[in-house]
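Listing of run_7.cif, mmCIF, C-alpha atoms
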data_run
loop_
_atom_site.label_atom_id
_atom_site.label_comp_id
_atom_site.auth_asym_id
_atom_site.auth_seq_id
_atom_site.Cartn_x
_atom_site.Cartn_y
_atom_site.Cartn_z
CA MET A 1 -162.34 178.35 68.80
CA LYS A 2 -164.75 181.25 68.89
CA VAL A 3 -168.41 180.26 68.97
CA ILE A 4 -170.84 182.50 67.18
CA SER A 5 -174.50 182.39 68.11
CA LEU A 6 -177.33 182.43 65.61
CA GLN A 7 -178.32 185.81 66.98
CA GLU A 8 -174.87 187.18 66.15
CA ILE A 9 -175.06 185.73 62.64
CA PHE A 10 -178.49 187.29 62.23
CA SER A 11 -177.25 190.66 63.43
CA MET A 12 -174.33 190.47 60.98
CA ILE A 13 -176.79 189.86 58.15
CA ILE A 14 -179.06 192.67 59.37
CA LYS A 15 -176.07 195.02 59.26
CA HIS A 16 -175.87 194.40 55.53
CA ILE A 17 -179.64 194.35 55.02
CA LYS A 18 -179.49 196.80 52.10
CA LEU A 19 -177.03 194.55 50.30
CA VAL A 20 -179.15 191.47 51.04
CA ILE A 21 -182.25 193.23 49.70
CA LEU A 22 -180.35 194.33 46.59
CA ILE A 23 -179.10 190.80 45.88
CA THR A 24 -182.59 189.42 46.51
CA LEU A 25 -184.06 191.87 43.99
CA ILE A 26 -181.36 190.95 41.49
CA GLY A 27 -182.19 187.27 42.11
CA ILE A 28 -185.89 187.88 41.45
CA VAL A 29 -185.23 189.88 38.28
CA ALA A 30 -182.68 187.33 37.06
CA MET A 31 -184.95 184.33 37.60
CA VAL A 32 -188.01 185.98 36.04
CA GLY A 33 -185.82 187.22 33.20
CA TYR A 34 -184.43 183.73 32.70
CA GLY A 35 -187.99 182.39 32.61
CA VAL A 36 -188.95 184.86 29.90
CA PHE A 37 -185.75 184.17 27.95
CA ARG A 38 -186.28 180.43 28.22
CA GLU A 39 -189.69 180.71 26.64
CA HIS A 40 -189.47 179.24 23.18
CA SER A 41 -191.76 178.38 20.34
CA THR A 42 -193.01 174.88 19.92
CA TYR A 43 -194.14 173.23 16.70
CA VAL A 44 -197.06 170.90 16.24
CA THR A 45 -197.84 168.68 13.28
CA THR A 46 -200.39 165.95 12.72
CA SER A 47 -200.21 162.86 10.56
CA GLN A 48 -203.15 160.52 10.14
CA ILE A 49 -203.78 156.83 9.75
CA LEU A 50 -206.90 155.61 7.99
CA ILE A 51 -207.84 152.09 8.96
CA LYS A 52 -209.46 149.92 6.35
CA LEU A 53 -210.77 146.51 7.21
CA PRO A 54 -210.83 143.79 4.53
CA LYS A 55 -214.12 143.12 2.81
CA THR A 56 -216.18 140.59 4.71
CA ASP A 57 -219.10 138.31 3.95
CA LYS A 58 -222.49 139.80 3.60
CA ASP A 59 -223.63 137.69 6.56
CA VAL A 60 -221.57 139.71 8.98
CA ASN A 61 -223.89 142.06 10.76
CA MET A 62 -223.28 145.72 11.49
CA ASP A 63 -222.42 145.24 15.17
CA THR A 64 -219.71 142.74 14.38
CA ALA A 65 -218.27 145.04 11.73
CA ASN A 66 -218.24 147.97 14.16
CA LEU A 67 -216.57 145.83 16.78
CA GLN A 68 -213.86 144.85 14.31
CA VAL A 69 -213.22 148.49 13.39
CA SER A 70 -213.17 149.50 17.02
CA ARG A 71 -210.64 146.79 17.85
CA ALA A 72 -208.48 147.71 14.88
CA ILE A 73 -208.46 151.37 15.97
CA SER A 74 -207.59 150.49 19.57
CA THR A 75 -204.81 148.17 18.45
CA SER A 76 -203.40 150.76 16.06
CA ASN A 77 -203.72 153.42 18.68
CA ALA A 78 -201.66 151.42 21.13
CA MET A 79 -199.20 150.42 18.48
CA VAL A 80 -198.31 153.99 17.45
CA THR A 81 -197.04 154.70 20.95
CA SER A 82 -195.63 151.25 21.56
CA ASP A 83 -192.05 150.92 22.76
CA THR A 84 -191.08 149.08 19.59
CA VAL A 85 -192.27 151.88 17.35
CA MET A 86 -190.66 154.48 19.56
CA VAL A 87 -187.29 152.74 19.76
CA LYS A 88 -187.19 152.06 16.04
CA SER A 89 -188.33 155.58 15.16
CA ALA A 90 -185.68 157.09 17.43
CA LYS A 91 -182.99 154.92 15.85
CA ALA A 92 -184.18 155.74 12.33
CA LEU A 93 -184.29 159.46 13.06
CA GLU A 94 -180.73 159.35 14.34
CA SER A 95 -179.36 157.30 11.47
CA LYS A 96 -181.23 159.10 8.71
CA TYR A 97 -181.37 162.68 9.95
CA ASP A 98 -178.70 162.65 12.64
CA TYR A 99 -181.42 163.71 15.08
CA SER A 100 -180.88 162.20 18.48
CA ILE A 101 -183.91 161.73 20.70
CA LYS A 102 -184.59 159.26 23.48
CA PRO A 103 -187.54 156.90 22.93
CA ASP A 104 -189.13 158.13 26.16
CA ASP A 105 -188.86 161.75 25.07
CA LEU A 106 -190.24 160.80 21.71
CA LYS A 107 -193.20 159.08 23.38
CA SER A 108 -193.95 162.11 25.49
CA SER A 109 -194.03 164.30 22.38
CA VAL A 110 -196.71 162.16 20.73
CA VAL A 111 -200.45 162.37 21.32
CA VAL A 112 -202.72 159.90 19.57
CA THR A 113 -206.42 160.62 19.19
CA THR A 114 -209.22 159.07 17.22
CA ASN A 115 -211.97 160.85 15.39
CA MET A 116 -215.43 159.93 16.53
CA ASN A 117 -217.43 157.88 14.05
CA SER A 118 -214.50 157.56 11.74
CA GLN A 119 -211.66 155.20 11.07
CA LEU A 120 -209.05 157.91 11.35
CA ILE A 121 -206.30 158.09 13.94
CA ASN A 122 -204.54 161.40 14.47
CA VAL A 123 -200.90 161.29 15.47
CA GLN A 124 -199.93 164.68 16.82
CA VAL A 125 -196.23 165.36 17.37
CA THR A 126 -194.86 168.33 19.28
CA GLY A 127 -191.28 169.52 19.03
CA ASP A 128 -189.11 172.58 19.31
CA ASN A 129 -187.75 172.36 15.78
CA LYS A 130 -189.96 172.73 12.76
CA LYS A 131 -188.15 170.34 10.43
CA GLN A 132 -187.47 167.71 13.06
CA THR A 133 -191.08 167.74 14.21
CA LEU A 134 -192.24 167.03 10.69
CA ARG A 135 -189.66 164.30 10.21
CA THR A 136 -190.56 162.72 13.51
CA ALA A 137 -194.26 162.58 12.67
CA ASN A 138 -193.61 160.93 9.33
CA MET A 139 -191.00 158.56 10.74
CA LEU A 140 -193.47 157.40 13.37
CA LEU A 141 -195.98 156.72 10.64
CA LYS A 142 -193.44 154.74 8.67
CA GLN A 143 -192.34 152.61 11.61
CA PHE A 144 -195.93 152.07 12.68
CA ASN A 145 -196.75 150.82 9.19
CA LYS A 146 -193.87 148.34 9.26
CA GLU A 147 -194.71 147.01 12.70
CA SER A 148 -198.45 146.81 12.22
CA LYS A 149 -198.05 144.68 9.14
CA LYS A 150 -196.14 142.14 11.16
CA VAL A 151 -198.94 141.95 13.70
CA ASN A 152 -202.09 142.28 11.70
CA SER A 153 -201.75 141.77 8.00
CA ASP A 154 -205.53 141.75 7.44
CA VAL A 155 -205.97 145.42 8.24
CA GLN A 156 -204.94 147.95 5.68
CA TYR A 157 -203.64 151.35 6.57
CA ASN A 158 -203.69 154.45 4.48
CA LEU A 159 -201.07 156.79 5.78
CA ILE A 160 -201.64 160.50 5.47
CA LYS A 161 -198.29 162.16 5.98
CA ALA A 162 -197.86 165.35 7.89
CA HIS A 163 -197.20 168.34 5.65
CA HIS A 164 -197.86 171.37 7.75
CA VAL A 165 -196.23 172.39 10.96
CA TYR A 166 -197.90 174.93 13.20
CA LYS A 167 -195.99 177.20 15.47
CA THR A 168 -197.34 177.66 18.96
CA SER A 169 -195.96 179.88 21.69
CA SER A 170 -195.27 178.26 25.02
CA HIS A 171 -196.18 181.11 27.32
CA SER A 172 -195.12 180.36 30.88
CA GLY A 173 -198.00 182.18 32.52
CA THR A 174 -198.23 184.35 35.60
CA LYS A 175 -197.95 181.40 38.00
CA ALA A 176 -194.68 180.36 36.43
CA TYR A 177 -193.35 183.90 36.72
CA ILE A 178 -194.38 184.04 40.38
CA LYS A 179 -192.69 180.69 40.97
CA SER A 180 -189.52 181.93 39.26
CA GLY A 181 -189.69 185.12 41.31
CA ILE A 182 -190.02 183.20 44.58
CA THR A 183 -187.15 180.92 43.59
CA GLY A 184 -185.05 183.98 42.73
CA ALA A 185 -185.95 185.60 46.04
CA ILE A 186 -184.94 182.52 48.02
CA ILE A 187 -181.66 182.20 46.11
CA GLY A 188 -181.10 185.96 46.48
CA VAL A 189 -181.67 185.94 50.25
CA ILE A 190 -179.32 182.98 50.72
CA LEU A 191 -176.68 184.51 48.46
CA GLY A 192 -177.10 187.92 50.12
CA ALA A 193 -176.65 186.35 53.55
CA VAL A 194 -173.54 184.51 52.39
CA VAL A 195 -172.09 187.73 50.93
CA ALA A 196 -172.97 189.66 54.12
CA LEU A 197 -171.26 187.04 56.31
CA TYR A 198 -168.28 186.97 53.97
CA LEU A 199 -167.93 190.74 54.26
CA GLU A 200 -168.12 190.44 58.03
CA PHE A 201 -165.54 187.70 58.37
CA ALA A 202 -163.22 188.62 55.53
CA SER A 203 -163.00 192.35 56.24
CA LYS A 204 -159.56 193.60 57.18
CA TYR A 205 -161.12 196.48 59.11
CA VAL A 206 -162.69 196.70 62.52
CA ILE A 207 -166.36 196.45 61.68
CA ASP A 208 -168.02 196.08 65.05
CA GLN A 209 -167.37 195.85 68.76
CA ARG A 210 -166.73 192.11 68.66
CA ASP A 211 -163.48 192.78 66.80
CA VAL A 212 -162.04 194.54 69.82
CA SER A 213 -164.24 193.77 72.84
CA ASP A 214 -164.38 190.00 72.40
CA LYS A 215 -160.96 189.50 70.89
CA TYR A 216 -159.01 191.50 73.49
CA ASN A 217 -161.50 191.30 76.33
CA LEU A 218 -161.63 195.09 76.32
CA HIS A 219 -164.57 196.96 77.74
CA LEU A 220 -166.43 199.16 75.24
CA LEU A 221 -167.08 202.49 76.90
CA GLY A 222 -169.31 203.71 74.12
CA SER A 223 -169.84 204.63 70.52
CA VAL A 224 -169.47 208.09 69.08
CA SER A 225 -170.55 209.33 65.74
CA SER A 226 -168.07 211.29 63.63
CA ASP A 227 -171.04 213.21 62.25
CA LYS A 228 -171.51 215.78 65.01
CA MET B 1 -185.09 228.66 53.63
CA VAL B 2 -186.89 225.41 54.46
CA ASP B 3 -183.76 223.48 53.49
CA ASN B 4 -181.67 225.62 55.83
CA GLN B 5 -184.09 224.97 58.67
CA LYS B 6 -184.01 221.25 57.99
CA GLN B 7 -180.23 221.29 57.87
CA GLN B 8 -180.11 223.24 61.12
CA ALA B 9 -182.51 220.77 62.75
CA HIS B 10 -180.36 217.88 61.52
CA VAL B 11 -177.18 219.48 62.88
CA GLU B 12 -178.86 220.09 66.24
CA ALA B 13 -180.17 216.54 66.42
CA SER B 14 -176.76 215.08 65.50
CA SER B 15 -175.03 217.35 67.97
CA SER B 16 -177.44 216.38 70.73
CA LYS B 17 -176.90 212.70 69.96
CA HIS B 18 -173.14 213.17 69.98
CA ILE B 19 -173.28 214.94 73.35
CA GLN B 20 -175.31 212.08 74.79
CA GLU B 21 -172.84 209.54 73.42
CA ILE B 22 -169.92 211.40 75.00
CA GLN B 23 -171.81 211.74 78.28
CA ALA B 24 -172.37 207.99 78.34
CA ILE B 25 -168.65 207.39 77.85
CA ARG B 26 -167.85 210.00 80.52
CA THR B 27 -170.07 208.26 83.07
CA LYS B 28 -168.36 204.93 82.54
CA LEU B 29 -164.91 206.48 82.48
CA LEU B 30 -165.43 208.39 85.73
CA TYR B 31 -166.68 205.21 87.37
CA ILE B 32 -163.58 203.35 86.23
CA GLN B 33 -161.40 206.25 87.42
CA GLN B 34 -162.95 205.92 90.83
CA GLN B 35 -162.24 202.21 90.88
CA ARG B 36 -158.71 202.29 89.49
CA GLU B 37 -157.68 205.72 90.75
CA PHE B 38 -155.85 207.13 87.77
CA LYS B 39 -155.00 210.76 87.22
CA SER B 40 -153.82 210.73 83.62
CA LEU B 41 -155.45 209.08 80.65
CA ALA B 42 -153.74 208.61 77.29
CA VAL B 43 -156.26 208.56 74.45
CA VAL B 44 -154.63 206.39 71.80
CA SER B 45 -155.36 204.95 68.42
CA THR B 46 -153.37 202.54 66.33
CA GLU B 47 -153.48 204.69 63.23
CA SER B 48 -154.36 208.23 62.22
CA GLY B 49 -157.81 209.34 61.16
CA SER B 50 -159.63 207.32 63.78
CA GLY B 51 -161.16 210.32 65.54
CA ARG B 52 -158.86 210.08 68.55
CA THR B 53 -158.35 213.85 69.00
CA SER B 54 -162.05 214.51 68.67
CA VAL B 55 -162.85 211.94 71.38
CA ALA B 56 -160.12 213.36 73.65
CA VAL B 57 -161.38 216.94 73.27
CA ASP B 58 -165.07 216.07 73.67
CA LEU B 59 -164.38 213.90 76.70
CA ALA B 60 -162.27 216.64 78.30
CA LYS B 61 -165.03 219.21 77.77
CA SER B 62 -167.67 216.83 79.05
CA ILE B 63 -165.74 215.92 82.20
CA ALA B 64 -164.96 219.60 82.82
CA ASN B 65 -168.72 220.21 82.71
CA THR B 66 -169.10 218.01 85.78
CA GLY B 67 -167.00 220.46 87.81
CA ARG B 68 -163.80 218.44 87.75
CA SER B 69 -160.64 220.24 86.73
CA VAL B 70 -159.37 218.78 83.51
CA VAL B 71 -156.30 219.54 81.47
CA LEU B 72 -155.95 218.45 77.90
CA LEU B 73 -152.40 217.71 76.82
CA ASP B 74 -151.81 217.74 73.09
CA ALA B 75 -148.85 215.43 72.81
CA ASP B 76 -149.11 214.80 69.10
CA LEU B 77 -146.07 216.83 68.15
CA SER B 78 -145.94 215.54 64.61
CA SER B 79 -148.97 217.50 63.54
CA SER B 80 -150.18 221.02 64.10
CA SER B 81 -152.66 221.32 66.88
CA SER B 82 -156.33 221.70 66.15
CA MET B 83 -157.03 222.32 69.81
CA LYS B 84 -156.26 226.03 69.86
CA ALA B 85 -159.88 226.66 69.02
CA LEU B 86 -160.62 225.70 72.61
CA LEU B 87 -158.84 228.81 73.77
CA GLY B 88 -161.34 231.16 72.18
CA ASN B 89 -160.47 234.69 73.27
CA LYS B 90 -158.18 233.50 76.03
CA ALA B 91 -154.53 234.43 75.81
CA THR B 92 -152.21 231.79 74.45
CA THR B 93 -149.24 230.71 76.47
CA ALA B 94 -146.11 228.88 75.39
CA SER B 95 -146.63 225.70 73.42
CA LEU B 96 -145.59 222.23 74.50
CA SER B 97 -142.84 222.04 71.89
CA GLU B 98 -141.40 225.38 73.03
CA TYR B 99 -141.36 224.16 76.61
CA LEU B 100 -139.74 220.84 75.68
CA GLU B 101 -136.89 222.42 73.74
CA PRO B 102 -133.71 221.69 75.74
CA SER B 103 -132.69 225.33 75.60
CA SER B 104 -136.05 226.55 76.88
CA GLN B 105 -136.20 228.27 80.23
CA LEU B 106 -139.99 228.04 80.46
CA GLU B 107 -141.55 226.85 83.69
CA VAL B 108 -144.07 224.00 83.65
CA ALA B 109 -146.93 226.25 84.63
CA GLN B 110 -146.26 228.54 81.70
CA VAL B 111 -147.45 226.04 79.12
CA VAL B 112 -150.88 225.58 80.63
CA SER B 113 -153.58 227.83 79.15
CA ASN B 114 -157.08 228.41 80.32
CA THR B 115 -159.70 227.70 77.71
CA GLU B 116 -163.06 229.35 77.15
CA PHE B 117 -164.60 226.32 78.90
CA SER B 118 -164.65 226.47 82.66
CA ASN B 119 -162.55 223.83 84.46
CA LEU B 120 -160.77 222.96 81.22
CA SER B 121 -157.13 223.85 80.63
CA LEU B 122 -154.96 223.12 77.66
CA VAL B 123 -151.35 222.36 76.92
CA ALA B 124 -151.26 223.04 73.21
CA ASN B 125 -148.78 222.09 70.59
CA ALA B 126 -147.68 224.82 68.21
CA LYS B 127 -146.06 223.19 65.24
CA ASP B 128 -144.68 220.07 63.66
CA ILE B 129 -141.49 219.09 65.50
CA PRO B 130 -138.89 216.91 63.76
CA ASN B 131 -137.29 215.52 66.95
CA ALA B 132 -140.62 214.86 68.66
CA THR B 133 -139.59 211.45 69.98
CA ASP B 134 -136.62 212.88 71.87
CA LEU B 135 -138.69 215.71 73.31
CA LEU B 136 -141.54 213.48 74.43
CA GLY B 137 -139.11 211.11 76.10
CA SER B 138 -137.33 213.89 77.95
CA GLU B 139 -137.28 214.53 81.69
CA LYS B 140 -139.16 217.75 81.06
CA MET B 141 -142.10 215.84 79.66
CA THR B 142 -142.19 213.52 82.67
CA ALA B 143 -142.08 216.57 84.91
CA LEU B 144 -144.89 218.21 83.00
CA VAL B 145 -147.18 215.19 83.31
CA ALA B 146 -146.36 214.88 87.01
CA TYR B 147 -147.16 218.57 87.49
CA LEU B 148 -150.46 218.27 85.66
CA GLU B 149 -151.44 215.14 87.58
CA SER B 150 -150.88 216.89 90.86
CA ASN B 151 -152.80 220.01 89.89
CA TYR B 152 -155.80 218.63 88.04
CA ASP B 153 -158.42 215.98 88.67
CA LEU B 154 -157.73 214.42 85.30
CA VAL B 155 -155.09 214.82 82.61
CA ILE B 156 -156.29 213.75 79.18
CA ILE B 157 -153.41 213.18 76.78
CA ASP B 158 -154.00 213.18 73.06
CA THR B 159 -151.20 210.93 71.88
CA PRO B 160 -149.72 210.26 68.46
CA GLU B 161 -150.84 206.98 66.82
CA LEU B 162 -149.23 203.85 68.26
CA ILE B 163 -148.15 202.23 64.99
CA GLY B 164 -145.26 203.63 62.99
CA LYS B 165 -143.56 205.83 65.57
CA PRO B 166 -142.51 205.34 69.18
CA ASP B 167 -144.10 208.66 70.28
CA GLY B 168 -147.43 207.11 71.16
CA MET B 169 -145.89 204.45 73.39
CA ILE B 170 -143.79 207.08 75.19
CA MET B 171 -146.99 208.83 76.21
CA VAL B 172 -148.66 205.55 77.15
CA ASN B 173 -145.77 204.91 79.55
CA LEU B 174 -146.22 208.34 81.12
CA ALA B 175 -149.98 207.96 81.62
CA ASP B 176 -151.73 206.02 84.36
CA ALA B 177 -154.41 204.67 82.04
CA VAL B 178 -155.09 204.22 78.37
CA LEU B 179 -158.25 204.60 76.32
CA LEU B 180 -158.21 203.12 72.83
CA VAL B 181 -160.18 204.72 69.99
CA ALA B 182 -160.94 202.72 66.84
CA LYS B 183 -162.96 203.82 63.87
CA LEU B 184 -165.25 201.28 62.24
CA HIS B 185 -164.42 200.42 58.63
CA HIS B 186 -161.23 202.46 58.92
CA THR B 187 -159.04 200.97 61.63
CA LEU B 188 -157.35 197.77 60.51
CA ARG B 189 -157.92 194.64 62.58
CA SER B 190 -154.23 193.85 62.16
CA SER B 191 -153.16 197.25 63.51
CA VAL B 192 -155.44 196.83 66.54
CA ALA B 193 -153.80 193.45 67.15
CA LYS B 194 -150.36 195.00 66.87
CA GLY B 195 -151.32 197.96 69.08
CA MET B 196 -152.84 195.73 71.73
CA ASN B 197 -149.67 193.64 71.78
CA MET B 198 -147.59 196.76 72.27
CA LEU B 199 -149.82 197.88 75.14
CA LYS B 200 -149.67 194.42 76.69
CA GLU B 201 -145.88 194.37 76.51
CA VAL B 202 -145.65 197.51 78.67
CA ASN B 203 -148.47 196.35 80.97
CA ALA B 204 -150.53 199.39 80.06
CA ASN B 205 -153.65 199.94 82.11
CA VAL B 206 -156.16 199.90 79.23
CA VAL B 207 -159.47 200.98 80.73
CA GLY B 208 -161.51 200.34 77.61
CA TRP B 209 -162.11 201.47 74.09
CA VAL B 210 -164.37 203.83 72.18
CA GLU B 211 -165.95 202.89 68.91
CA ASN B 212 -166.01 205.74 66.42
CA HIS B 213 -168.36 205.43 63.47
CA GLU B 214 -169.57 207.52 60.55
#

Encoded form (structure tokens):
Amino acid sequence: MKVISLQEIFSMIIKHIKLVILITLIGIVAMVGYGVFREHSTYVTTSQILIKLPKTDKDVNMDTANLQVSRAISTSNAMVTSDTVMVKSAKALESKYDYSIKPDDLKSSVVVTTNMNSQLINVQVTGDNKKQTLRTANMLLKQFNKESKKVNSDVQYNLIKAHHVYKTSSHSGTKAYIKSGITGAIIGVILGAVVALYLEFASKYVIDQRDVSDKYNLHLLGSVSSDK
Amino acid sequence: MVDNQKQQAHVEASSSKHIQEIQAIRTKLLYIQQQREFKSLAVVSTESGSGRTSVAVDLAKSIANTGRSVVLLDADLSSSSSMKALLGNKATTASLSEYLEPSSQLEVAQVVSNTEFSNLSLVANAKDIPNATDLLGSEKMTALVAYLESNYDLVIIDTPELIGKPDGMIMVNLADAVLLVAKLHHTLRSSVAKGMNMLKEVNANVVGWVENHE
């Protein structure tokens, strides 16, 4: 079996350097182009939960009342993104709207924030479909309401449904383009090298001295150019 | 005007490079000739269009430049000779095919022409001959090669291609040594394999090969 050294492989690739460069450029353009094409709009909507504590005795001081509100907010906050709410919301979305989403994916699309000095919790949902984003936000609210009542029946929640969905563009940014370009270049170089080696090994023509000198142990006296 | 000058410069540079390439081959070939002591060299290729004739002519001119007497034998009877240009203003003699005709009364020496290059003689072919195989395999052809070998330092034979017709192998058998010419991206690997097998079968003394490229 004929052994080919790395140097020989390298020289074969160098022989087709123009082709390798061309494929590399195509790889870069393709990957950057794919990155641009893959860019899509995302939709954001926000529903809100207003926490209302039950009326207490007049003896309860302000600090205690604040503490109770704070705890209720923290509990609600955690509950919105709890596994139970996520699993049930995902199931409900699938059964009601035929929208399939994994609980984990659903969780990653939700951001819960609280407004300072208020009893409001904002539940922001991000999605790539306008209608589904809105439905998801409201379904989360509904499931949260059901679950929270089981846990803490003293606290009342006023649910403010999401009505508006905002479109935001997910621009990849220069870094992402550079990354895509580098990936394309690497793929292009590898592919170019493979094509170059294929051309070398699969050619039915004599393409270099190895085809005669090595194969038939024949001494090469020299090379002449047809272009005199 | 500038374009013409550039073109001229390019032609001169290419020509100079080509001369150097041929000189390099000549040096190696003459060294091998010294070692193996051959008087006739068949320049062969496995298929047409590989630049065989061009290599044969350029080598003959180059070796003649060293002061050695060289005769170029155009044994490709299936195609009209392109070698007559070598004659320049020199008078043409009888062609190889005329000499080889059974009815011909020509003497061996009558087919050898002087060329416009010193030390270089030519046995030219005049036209396409239908019974080339019979003529090349004749006693007259053997006698011609023997005559040339005894009168010149080197006989360079431009042979027909090896594959397809037996003519090429006839000339290989008449020559002391063989030089293979293959053109990159033109000569088939399979035809080289076939040609090399044919040469091996007749124990041809293949002294090497020349790579022709665009």

Given the PyMOL selection byres ((chain B) within 9 of (chain A)) and the file above, list the residues it selects as a VMD selection string. chain B and resid 11 to 19 21 to 22 24 to 29 51 54 to 55 182 to 190 192 to 193 196 206 to 214

Contacts of segment 137-153 of chain A at 8 Å (all atoms listed in the file; same-chain gap of 2+ positions) as a list in words: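 Within the cut-off, the hits are Thr45, Thr46, Ser47, Ile49, Ser76, Met79, Val80, Val85, Met86, Lys88, Ser89, Ala92, Leu93, Val123, Gln124, Val125, Thr133, Leu134, Arg135, Val155, Gln156, Tyr157, Leu159, Lys161 and Ala162 of chain A.
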
Please write the residues picked by the PyMOL selection byres ((chain A and resi 189) around 10) on this file as a compact mmCIF listing (two decimals) with C-alpha atoms, in the frame of the given file.
# COMPACT_ATOMS: atom_id res chain seq x y z
CA ILE A 17 -179.64 194.35 55.02
CA LEU A 19 -177.03 194.55 50.30
CA VAL A 20 -179.15 191.47 51.04
CA ILE A 21 -182.25 193.23 49.70
CA LEU A 22 -180.35 194.33 46.59
CA ILE A 23 -179.10 190.80 45.88
CA THR A 24 -182.59 189.42 46.51
CA LEU A 25 -184.06 191.87 43.99
CA GLY A 27 -182.19 187.27 42.11
CA ILE A 28 -185.89 187.88 41.45
CA THR A 183 -187.15 180.92 43.59
CA GLY A 184 -185.05 183.98 42.73
CA ALA A 185 -185.95 185.60 46.04
CA ILE A 186 -184.94 182.52 48.02
CA ILE A 187 -181.66 182.20 46.11
CA GLY A 188 -181.10 185.96 46.48
CA ILE A 190 -179.32 182.98 50.72
CA LEU A 191 -176.68 184.51 48.46
CA GLY A 192 -177.10 187.92 50.12
CA ALA A 193 -176.65 186.35 53.55
CA VAL A 194 -173.54 184.51 52.39
CA VAL A 195 -172.09 187.73 50.93

Pull out every residue that the PyMOL selection byres ((chain B and resi 165) around 12) matches in the shown coordinates and put them as a PyMOL selection string. chain B and resi 46-48+76-78+131-134+136+159-164+166-171+195+198

Interatomic distance (Å, one decimal) between atom CA of Ser108 of chain A and atom CA of Asn77 of chain A: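 Interatomic distance, atom CA of Ser108 of chain A to atom CA of Asn77 of chain A: 14.7 Å.
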
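What separates atom CA of Met116 of chain A from atom CA of Thr168 of chain A is a distance of 25.4 Å.
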
In Å to one decimal, how far is atom CA of Lys179 of chain A from atom CA of Asn129 of chain A?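 Spanning atom CA of Asn129 of chain A to atom CA of Lys179 of chain A is a straight-line distance of 27.0 Å.
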
Using all atoms listed in the file, determine which residues lie at most 12 Å from Ala146 of chain B, disregarding the query and same-chain residues fewer than 2 positions distant; provide the list as a list in words. Lys39, Ser40, Val108, Ala109, Glu139, Lys140, Met141, Thr142, Ala143, Leu144, Leu148, Glu149, Ser150, Asn151, Tyr152, Leu154, Val155, Leu174, Ala175 and Asp176 of chain B

Find the residues near segment 33-43 of chain A: any atom within 7 Å, counting only C-alpha atoms, skip ones fewer than 2 places away on the same chain, and give them as a PyMOL selection string. chain A and resi 29-31+45+126-130+133+165-172+177+180

I want to know what sits within 10 Å of Ser118 of chain B, based on all atoms listed in the file, with residues of the same chain fewer than 4 positions away left out; could you give that as a VMD selection string? chain B and resid 61 64 to 65 67 to 70 114
